[in-house]
Amino acid sequence: SRRTSRSDPTRTKWAPVLARLADPDDTARETRVLRRVLSTPLMVALARVAYSETEADPAELLGAGRFTTRQAVERHLYDAFLTAAYADAGRERAERARGWAAFVAAHTRRFGGQEIAWWRLEEALPGWVRRLSVLPAAAVATFTVSRMDLGTPPWAHWQPVPVPVPLWAVFGAGVCAFAWGEYGGGTGRAPQQARL
């Protein structure tokens, strides 16, 4: 953290806050709440980015009556972290990052979890959008098969009634059926380690 005294290199803007947190006689509600919040590495990392390299003063975390619950402190630290992390990127980009973070949080909450399951993010899209996203690849694959000279399909010579369906059309229909079933809206499987 930034030093606030040239003569004392250990004096930083966190020094007053750390002194209060280390004082066993300080039983103010704000101090107890901040001790609990800063007991996790994630919150310490957020506080460091939000206050150590910015002009913001961490003493505000111990302001009387300002942060009286753990949730209030955590929300404030997360918000201050995003502000500090995107300070050089501009306000519009910071707001976009907040929007995406809110989207991921809502998506995670919808599935009743506490962890971000990246393999389930596609489920936030409607099924028809996921199916349509496969359409360009299916079209290119079908076009490629149609240009290959694979000969006459076996069903073209069936007796007594020949079926005049080209091989590329059957391939395209198969790819579309696969996409319809695979990307139709079922829940994604958790990634697993592949073993020989």
# chains A, B, ... in the order shown; residues from 1 in each chain; ligands from 1
>>> residues_around(residues="A:Thr54", least_positions_apart="4", cutoff="12 Å", atoms="only C-alpha atoms", output="list of chain:residue names")
A:Ser1, A:Arg2, A:Lys13, A:Ala47, A:Arg48, A:Val49, A:Ala50, A:Pro58, A:Ala80, A:Phe81, A:Thr83, A:Ala84, A:Ala85, A:Tyr86, A:Ala87, A:Asp88
>>> write_last_selection(atoms="C-alpha atoms", output="compact mmCIF listing (two decimals), in the first residue's frame")
# COMPACT_ATOMS: atom_id res chain seq x y z
CA SER A 1 0.00 0.00 0.00
CA ARG A 2 1.07 3.60 -0.42
CA LYS A 13 -3.10 4.58 4.73
CA ALA A 47 -9.89 -4.41 -0.52
CA ARG A 48 -6.29 -4.21 -1.69
CA VAL A 49 -7.22 -3.33 -5.26
CA ALA A 50 -9.98 -0.94 -4.16
CA PRO A 58 -9.93 2.55 3.69
CA ALA A 80 -15.08 -0.41 -5.24
CA PHE A 81 -13.00 -3.20 -6.80
CA THR A 83 -14.43 0.90 -10.03
CA ALA A 84 -10.68 0.61 -9.39
CA ALA A 85 -10.11 -2.25 -11.82
CA TYR A 86 -11.76 -0.38 -14.71
CA ALA A 87 -10.56 3.11 -13.78
CA ASP A 88 -8.33 3.36 -16.87
>>> atom_distance(atom1="atom CA of A:Arg195", atom2="atom CA of A:Gln114")
28.2 Å
>>> closest_residue(among="A:Ala64, A:Asp23, A:Leu77, A:Thr12", to="A:Leu38", atoms="only C-alpha atoms")
A:Leu77
>>> select_by_dssp(residues="stretch 58-88 of chain A", states="alpha helix (DSSP H)", output="ChimeraX atom specification")
/A:70-85
>>> write_last_selection(atoms="N, CA, C and O atoms", output="mmCIF file, in the first residue's frame")
data_model
loop_
_atom_site.group_PDB
_atom_site.id
_atom_site.type_symbol
_atom_site.label_atom_id
_atom_site.label_comp_id
_atom_site.auth_asym_id
_atom_site.auth_seq_id
_atom_site.Cartn_x
_atom_site.Cartn_y
_atom_site.Cartn_z
ATOM 1 N N ARG A 70 -22.137 -7.675 7.256
ATOM 2 C CA ARG A 70 -21.102 -8.266 6.408
ATOM 3 C C ARG A 70 -21.450 -8.102 4.931
ATOM 4 O O ARG A 70 -20.589 -7.790 4.107
ATOM 5 N N GLN A 71 -22.710 -8.305 4.617
ATOM 6 C CA GLN A 71 -23.135 -8.190 3.222
ATOM 7 C C GLN A 71 -22.905 -6.774 2.688
ATOM 8 O O GLN A 71 -22.495 -6.597 1.542
ATOM 9 N N ALA A 72 -23.168 -5.767 3.514
ATOM 10 C CA ALA A 72 -22.970 -4.383 3.071
ATOM 11 C C ALA A 72 -21.498 -4.112 2.767
ATOM 12 O O ALA A 72 -21.170 -3.463 1.761
ATOM 13 N N VAL A 73 -20.606 -4.610 3.610
ATOM 14 C CA VAL A 73 -19.165 -4.408 3.374
ATOM 15 C C VAL A 73 -18.727 -5.148 2.122
ATOM 16 O O VAL A 73 -17.989 -4.614 1.285
ATOM 17 N N GLU A 74 -19.172 -6.390 1.963
ATOM 18 C CA GLU A 74 -18.780 -7.177 0.794
ATOM 19 C C GLU A 74 -19.260 -6.534 -0.499
ATOM 20 O O GLU A 74 -18.524 -6.472 -1.481
ATOM 21 N N ARG A 75 -20.492 -6.044 -0.495
ATOM 22 C CA ARG A 75 -21.009 -5.368 -1.698
ATOM 23 C C ARG A 75 -20.204 -4.111 -2.002
ATOM 24 O O ARG A 75 -19.891 -3.812 -3.143
ATOM 25 N N HIS A 76 -19.895 -3.357 -0.954
ATOM 26 C CA HIS A 76 -19.108 -2.134 -1.147
ATOM 27 C C HIS A 76 -17.720 -2.462 -1.700
ATOM 28 O O HIS A 76 -17.245 -1.795 -2.621
ATOM 29 N N LEU A 77 -17.069 -3.480 -1.142
ATOM 30 C CA LEU A 77 -15.732 -3.851 -1.622
ATOM 31 C C LEU A 77 -15.781 -4.310 -3.072
ATOM 32 O O LEU A 77 -14.900 -3.980 -3.865
ATOM 33 N N TYR A 78 -16.802 -5.073 -3.425
ATOM 34 C CA TYR A 78 -16.906 -5.549 -4.803
ATOM 35 C C TYR A 78 -17.129 -4.382 -5.758
ATOM 36 O O TYR A 78 -16.515 -4.298 -6.818
ATOM 37 N N ASP A 79 -18.002 -3.463 -5.353
ATOM 38 C CA ASP A 79 -18.261 -2.297 -6.185
ATOM 39 C C ASP A 79 -17.016 -1.425 -6.320
ATOM 40 O O ASP A 79 -16.668 -0.965 -7.412
ATOM 41 N N ALA A 80 -16.319 -1.213 -5.204
ATOM 42 C CA ALA A 80 -15.085 -0.413 -5.240
ATOM 43 C C ALA A 80 -14.003 -1.112 -6.059
ATOM 44 O O ALA A 80 -13.215 -0.452 -6.749
ATOM 45 N N PHE A 81 -13.963 -2.436 -5.999
ATOM 46 C CA PHE A 81 -13.001 -3.200 -6.804
ATOM 47 C C PHE A 81 -13.247 -2.979 -8.290
ATOM 48 O O PHE A 81 -12.309 -2.720 -9.050
ATOM 49 N N LEU A 82 -14.502 -3.084 -8.715
ATOM 50 C CA LEU A 82 -14.808 -2.880 -10.137
ATOM 51 C C LEU A 82 -14.471 -1.460 -10.569
ATOM 52 O O LEU A 82 -13.942 -1.243 -11.663
ATOM 53 N N THR A 83 -14.758 -0.494 -9.711
ATOM 54 C CA THR A 83 -14.431 0.900 -10.033
ATOM 55 C C THR A 83 -12.926 1.068 -10.216
ATOM 56 O O THR A 83 -12.474 1.700 -11.176
ATOM 57 N N ALA A 84 -12.141 0.489 -9.304
ATOM 58 C CA ALA A 84 -10.684 0.609 -9.389
ATOM 59 C C ALA A 84 -10.116 -0.191 -10.549
ATOM 60 O O ALA A 84 -9.212 0.268 -11.251
ATOM 61 N N ALA A 85 -10.648 -1.386 -10.767
ATOM 62 C CA ALA A 85 -10.111 -2.250 -11.824
ATOM 63 C C ALA A 85 -10.337 -1.659 -13.209
ATOM 64 O O ALA A 85 -9.527 -1.856 -14.114
#
>>> closest_residue(among="A:Ala169, A:Ala105, A:Ala194, A:Met148", to="A:Trp118", atoms="only C-alpha atoms")
A:Ala105
>>> residues_around(residues="A:Arg29", least_positions_apart="5", cutoff="12 Å", atoms="only C-alpha atoms", output="list in words")
Arg20, Leu21, Leu34, Arg35, Arg36, Leu61, Leu62, Gly63, Ala64, Gly65, Arg66, Phe67, Thr68, Thr69 and Arg70 of chain A
